[in-house]
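*Asks:* Handing over final-v7.txt, compact mmCIF, C-alpha atoms.
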```
# COMPACT_ATOMS: atom_id res chain seq x y z
CA MET A 1257 -6.02 -0.47 23.79
CA ASN A 1258 -2.81 -1.75 22.17
CA GLY A 1259 -1.92 -0.11 18.86
CA PHE A 1260 -1.12 -3.46 17.24
CA LEU A 1261 -4.86 -4.18 17.09
CA SER A 1262 -5.07 -1.48 14.40
CA ILE A 1263 -2.75 -3.55 12.17
CA LEU A 1264 -4.79 -6.77 12.28
CA PRO A 1265 -7.37 -5.82 9.59
CA LEU A 1266 -4.56 -5.11 7.11
CA ILE A 1267 -2.96 -8.50 7.78
CA LEU A 1268 -6.32 -10.24 7.35
CA ILE A 1269 -7.12 -8.34 4.14
CA ARG A 1270 -3.67 -8.52 2.59
CA PHE A 1271 -2.90 -12.14 3.35
CA GLY A 1272 -6.25 -13.74 4.14
CA VAL A 1273 -8.67 -12.22 1.64
CA LEU A 1274 -6.13 -12.04 -1.16
CA ASN A 1275 -5.15 -15.68 -0.68
CA ILE A 1276 -8.77 -16.85 -0.53
CA LEU A 1277 -9.73 -14.95 -3.69
CA ASN A 1278 -6.75 -15.88 -5.80
CA LYS A 1279 -3.66 -17.76 -4.65
CA ASN A 1280 -1.67 -16.35 -7.58
CA ALA A 1281 -2.61 -12.81 -6.51
CA LEU A 1282 -0.77 -13.23 -3.21
CA LYS A 1283 2.30 -14.35 -5.13
CA ARG A 1284 1.91 -11.38 -7.52
CA ALA A 1285 1.58 -8.97 -4.58
CA ALA A 1286 4.82 -10.26 -3.08
CA PHE A 1287 6.71 -9.93 -6.38
CA PHE A 1288 9.28 -7.14 -6.55
CA THR A 1289 10.28 -6.09 -10.03
CA PRO A 1290 13.98 -5.78 -10.91
CA MET A 1291 15.41 -2.60 -9.38
CA ILE A 1292 18.09 -0.30 -10.74
CA GLY A 1293 20.12 2.48 -9.14
CA LYS A 1294 18.30 4.38 -6.37
CA GLU A 1295 15.43 1.92 -6.54
CA LYS A 1296 17.64 -0.69 -4.82
CA VAL A 1297 18.21 1.68 -1.90
CA ALA A 1298 14.50 2.54 -1.86
CA LEU A 1299 13.64 -1.16 -1.64
CA TRP A 1300 15.80 -1.45 1.46
CA PHE A 1301 14.08 1.58 3.04
CA TYR A 1302 10.69 0.22 1.97
CA GLN A 1303 11.31 -3.18 3.57
CA VAL A 1304 12.66 -1.73 6.83
CA SER A 1305 9.86 0.83 7.11
CA ASN A 1306 7.34 -1.92 6.32
CA ILE A 1307 8.65 -4.01 9.22
CA LEU A 1308 8.67 -1.00 11.56
CA ILE A 1309 5.19 0.11 10.57
CA LEU A 1310 3.88 -3.37 11.43
CA LEU A 1311 5.85 -3.85 14.67
CA TYR A 1312 6.09 -0.39 16.24
CA PRO A 1313 2.35 -0.26 17.05
CA PHE A 1314 3.00 -3.06 19.60
CA PHE A 1315 4.56 -0.32 21.74
CA LEU A 1316 1.76 2.20 21.20
CA LYS A 1317 -1.66 2.73 22.71
CA ILE A 1318 -4.77 3.88 20.88
CA LYS A 1319 -5.91 6.97 22.75
CA ILE A 1320 -9.71 6.72 22.95
CA GLY A 1321 -12.08 9.62 23.53
CA SER A 1322 -10.14 12.58 22.18
CA TYR A 1323 -10.91 14.62 19.08
CA TRP A 1324 -7.94 12.94 17.33
CA PHE A 1325 -9.37 9.51 18.09
CA TYR A 1326 -12.51 10.27 16.07
CA VAL A 1327 -10.55 11.86 13.23
CA GLY A 1328 -8.22 8.86 13.20
CA LEU A 1329 -11.14 6.44 13.30
CA VAL A 1330 -12.68 8.00 10.17
CA ILE A 1331 -9.35 7.90 8.28
CA TYR A 1332 -8.71 4.35 9.52
CA ALA A 1333 -12.18 3.10 8.49
CA LEU A 1334 -11.77 4.70 5.06
CA GLY A 1335 -8.35 3.03 4.78
CA ILE A 1336 -9.79 -0.38 5.65
CA LEU A 1337 -12.60 0.00 3.12
CA LEU A 1338 -10.32 1.21 0.32
CA CYS A 1339 -7.71 -1.43 1.14
CA LEU A 1340 -10.33 -4.15 0.89
CA VAL A 1341 -11.62 -2.80 -2.44
CA SER A 1342 -8.09 -2.44 -3.88
CA VAL A 1343 -7.22 -6.01 -2.86
CA LEU A 1344 -10.45 -7.31 -4.41
CA ASP A 1345 -9.61 -5.43 -7.63
CA PHE A 1346 -6.02 -6.69 -7.58
CA ALA A 1347 -7.21 -10.29 -7.24
CA LYS A 1348 -9.13 -10.07 -10.54
CA PRO A 1349 -6.73 -9.02 -13.30
CA ALA A 1350 -7.47 -9.37 -17.00
CA GLU A 1351 -6.42 -12.61 -18.71
CA ASN A 1352 -3.02 -11.14 -19.59
CA GLY A 1353 -2.42 -10.21 -15.91
CA ILE A 1354 -2.91 -6.44 -16.09
CA ASN A 1355 -5.26 -4.72 -13.63
CA LEU A 1356 -7.51 -2.13 -15.30
CA LYS A 1357 -10.83 -2.28 -13.43
CA GLY A 1358 -12.21 -0.91 -10.16
CA LEU A 1359 -9.89 1.47 -8.32
CA TYR A 1360 -7.31 0.85 -11.06
CA GLN A 1361 -9.46 3.11 -13.25
CA VAL A 1362 -8.74 5.98 -10.84
CA SER A 1363 -5.16 5.27 -9.76
CA ARG A 1364 -2.41 3.12 -11.24
CA ASN A 1365 -1.32 2.25 -7.70
CA PRO A 1366 -4.42 2.02 -5.51
CA MET A 1367 -2.93 -0.45 -3.03
CA TYR A 1368 -0.08 1.94 -2.19
CA VAL A 1369 -2.51 4.85 -1.85
CA THR A 1370 -4.85 2.86 0.39
CA TYR A 1371 -1.96 1.61 2.54
CA PHE A 1372 -1.00 5.24 3.11
CA ILE A 1373 -4.55 6.17 4.14
CA TYR A 1374 -4.80 3.08 6.35
CA PHE A 1375 -1.49 3.72 8.13
CA LEU A 1376 -2.27 7.43 8.43
CA GLY A 1377 -5.39 6.38 10.33
CA CYS A 1378 -3.22 4.18 12.59
CA THR A 1379 -0.87 7.11 13.13
CA VAL A 1380 -3.68 9.46 14.14
CA LEU A 1381 -5.31 6.81 16.37
CA THR A 1382 -2.05 6.33 18.26
CA GLN A 1383 -1.02 10.00 17.99
CA SER A 1384 2.54 8.89 17.29
CA TRP A 1385 4.93 11.23 15.51
CA ILE A 1386 7.45 8.39 15.23
CA LEU A 1387 4.92 6.20 13.42
CA PHE A 1388 4.13 9.18 11.18
CA ALA A 1389 7.85 9.57 10.35
CA ILE A 1390 8.06 5.84 9.52
CA LEU A 1391 4.97 6.26 7.30
CA ILE A 1392 6.61 9.12 5.40
CA VAL A 1393 9.74 6.99 4.76
CA PHE A 1394 7.46 4.14 3.70
CA GLN A 1395 5.58 6.35 1.25
CA ILE A 1396 8.65 8.01 -0.27
CA SER A 1397 10.34 4.66 -0.78
CA ALA A 1398 7.09 3.27 -2.26
CA HIS A 1399 7.36 5.93 -4.97
CA TRP A 1400 10.65 4.39 -6.15
CA ILE A 1401 9.17 0.89 -6.01
CA ILE A 1402 6.29 2.13 -8.18
CA LEU A 1403 8.73 3.53 -10.75
CA SER A 1404 10.36 0.11 -11.09
CA GLU A 1405 6.95 -1.59 -11.30
CA GLU A 1406 5.82 0.75 -14.05
CA ARG A 1407 9.00 0.18 -16.04
CA TRP A 1408 8.42 -3.59 -15.70
CA CYS A 1409 4.73 -3.22 -16.71
CA MET A 1410 5.68 -1.26 -19.83
CA LYS A 1411 8.06 -4.05 -20.80
CA GLU A 1412 5.60 -6.84 -19.86
CA PHE A 1413 2.35 -5.36 -21.23
CA GLY A 1414 3.68 -2.97 -23.90
CA GLN A 1415 1.34 -0.53 -25.60
CA GLU A 1416 -1.66 -1.60 -23.53
CA TYR A 1417 0.07 -0.40 -20.36
CA ILE A 1418 1.36 2.77 -22.00
CA ARG A 1419 -2.20 3.66 -23.08
CA TYR A 1420 -3.33 2.93 -19.52
CA MET A 1421 -0.57 5.18 -18.13
CA ASN A 1422 -1.70 8.02 -20.39
CA LYS A 1423 -5.29 7.61 -19.21
CA VAL A 1424 -4.88 7.01 -15.44
CA ARG A 1425 -2.77 9.03 -12.98
CA ARG A 1426 -0.26 7.56 -10.56
CA TYR A 1427 -1.28 9.51 -7.38
CA ILE A 1428 2.01 8.95 -5.59
```
Is it possible to give me this structure as structure tokens?

*Replies:*
Amino acid sequence: MNGFLSILPLILIRFGVLNILNKNALKRAAFFTPMIGKEKVALWFYQVSNILILLYPFFLKIKIGSYWFYVGLVIYALGILLCLVSVLDFAKPAENGINLKGLYQVSRNPMYVTYFIYFLGCTVLTQSWILFAILIVFQISAHWIILSEERWCMKEFGQEYIRYMNKVRRYI
């Protein structure tokens, strides 16, 4: 089975479900906050790794029947479920635009965490060390993107976001 099939649920959730629930949410999800210093380099790595993580599975096969297949399937299914929940939560911000409910009560960045779990499942399903390396670059660069987003949120939402930061961990 072609590895690209493992990417289809993410595309449907990220672009289909999010757009159906809230057209502004898709626009918000595509918004990159202003970057400074190393964050600009991280954005470049993030974008390239994002493209690779979506396209490289075209060249991979999902290896069915092995122990790793079942481990990967569990991680992958968990990633799909959490990704769907995080997108549903993201689509319903408070009136002022800040997300504080659902998975956002556990992590300030649940979509990034769930993407990691999802792509880790894809990596295990395909048993690809190259895809795993791309995932690591993706996740490290996401950390710098998150730093810029949090700086922007502090400026945009002020004390409300700072209180939220003190209450909820980042997990990346």

*Asks:* Would you tabulate, counting all atoms listed in the file, all residues of range 1291-1362 of chain A that have an atom at most 6 Å from an atom of range 1372-1385 of chain A, showing the closest pair of atoms and their distance in Å to one decimal, sorted by chain then ascending number, as a Markdown table?

*Replies:*
```
| residue | atom | partner | partner_atom | distance |
| --- | --- | --- | --- | --- |
| A:Lys1317 | CA | A:Thr1382 | CA | 5.7 |
| A:Ile1318 | CA | A:Thr1382 | CA | 4.5 |
| A:Lys1319 | CA | A:Thr1382 | CA | 6.0 |
| A:Phe1325 | CA | A:Leu1381 | CA | 5.2 |
| A:Gly1328 | CA | A:Val1380 | CA | 4.7 |
| A:Ile1331 | CA | A:Gly1377 | CA | 4.7 |
| A:Tyr1332 | CA | A:Gly1377 | CA | 4.0 |
| A:Gly1335 | CA | A:Tyr1374 | CA | 3.9 |
```

*Asks:* Please determine, counting only C-alpha atoms, which residue among A:Cys1339, A:Ala1285, A:Leu1261, A:Leu1356 has the shortest atom-to-atom distance to Glu1416 in chain A.

*Replies:* A:Leu1356

*Asks:* What does the structure give for the distance between CA of Tyr1302 in chain A and CA of Ser1397 in chain A, in Å to one decimal?

*Replies:*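 Distance between the two atoms: 5.2 Å.
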
*Asks:* Can you work out the spacing between CA of Lys1348 in chain A and CA of Thr1370 in chain A in Å, to one decimal?

*Replies:* 17.5 Å

*Asks:* Restricting the calculation to all atoms listed in the file: of A:Leu1308, A:Asp1345, A:Trp1408, A:Gln1415, which residue gets closest to Ser1363 in chain A?

*Replies:*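 The answer is A:Asp1345, which sits nearest to Ser1363 in chain A.
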
*Asks:* Which one of A:Asn1280, A:Met1367, A:His1399, A:Ser1322 sits closest to Leu1337 in chain A if you count only C-alpha atoms?

*Replies:*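 Using only C-alpha atoms, the shortest distance to Leu1337 in chain A belongs to A:Met1367.
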
*Asks:* (-12.2, -4.2, -0.2) in this file's frame - what residues fall within 12 Å of it? Use all atoms listed in the file and give the answer as a ChimeraX atom specification.

*Replies:* /A:1265-1266,1268-1270,1273-1274,1277,1333-1347,1358-1359,1366-1367,1370

*Asks:* Excluding Phe1315 in chain A and residues on its chain fewer than 4 positions from it, collect all residues at most 9 Å away from it, counting all atoms listed in the file, and give them as a PyMOL selection string.

*Replies:* chain A and resi 1258-1260+1311

*Asks:* What does the structure give for the distance between CA of Cys1409 in chain A and CA of Ala1350 in chain A, in Å to one decimal?

*Replies:* 13.7 Å

*Asks:* Choose the residue, out of A:Val1297, A:Ile1276, A:Val1393, A:Ile1354, that has the smallest atom-to-atom separation from Glu1405 in chain A; count only C-alpha atoms.

*Replies:*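 For Glu1405 in chain A, the nearest of the candidates is A:Ile1354.
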
*Asks:* Choose the residue, out of A:Lys1283, A:Lys1357, A:Arg1364, A:Lys1294, that has the smallest atom-to-atom separation from Arg1426 in chain A; count all atoms listed in the file.

*Replies:*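 Closest residue, counting all atoms listed in the file: A:Arg1364.
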
*Asks:* Neighbours of Ile1386 in chain A within 10 Å (only C-alpha atoms; same-chain residues fewer than 4 positions away dropped), as a PyMOL selection string?

*Replies:* chain A and resi 1309+1312+1379+1390-1392
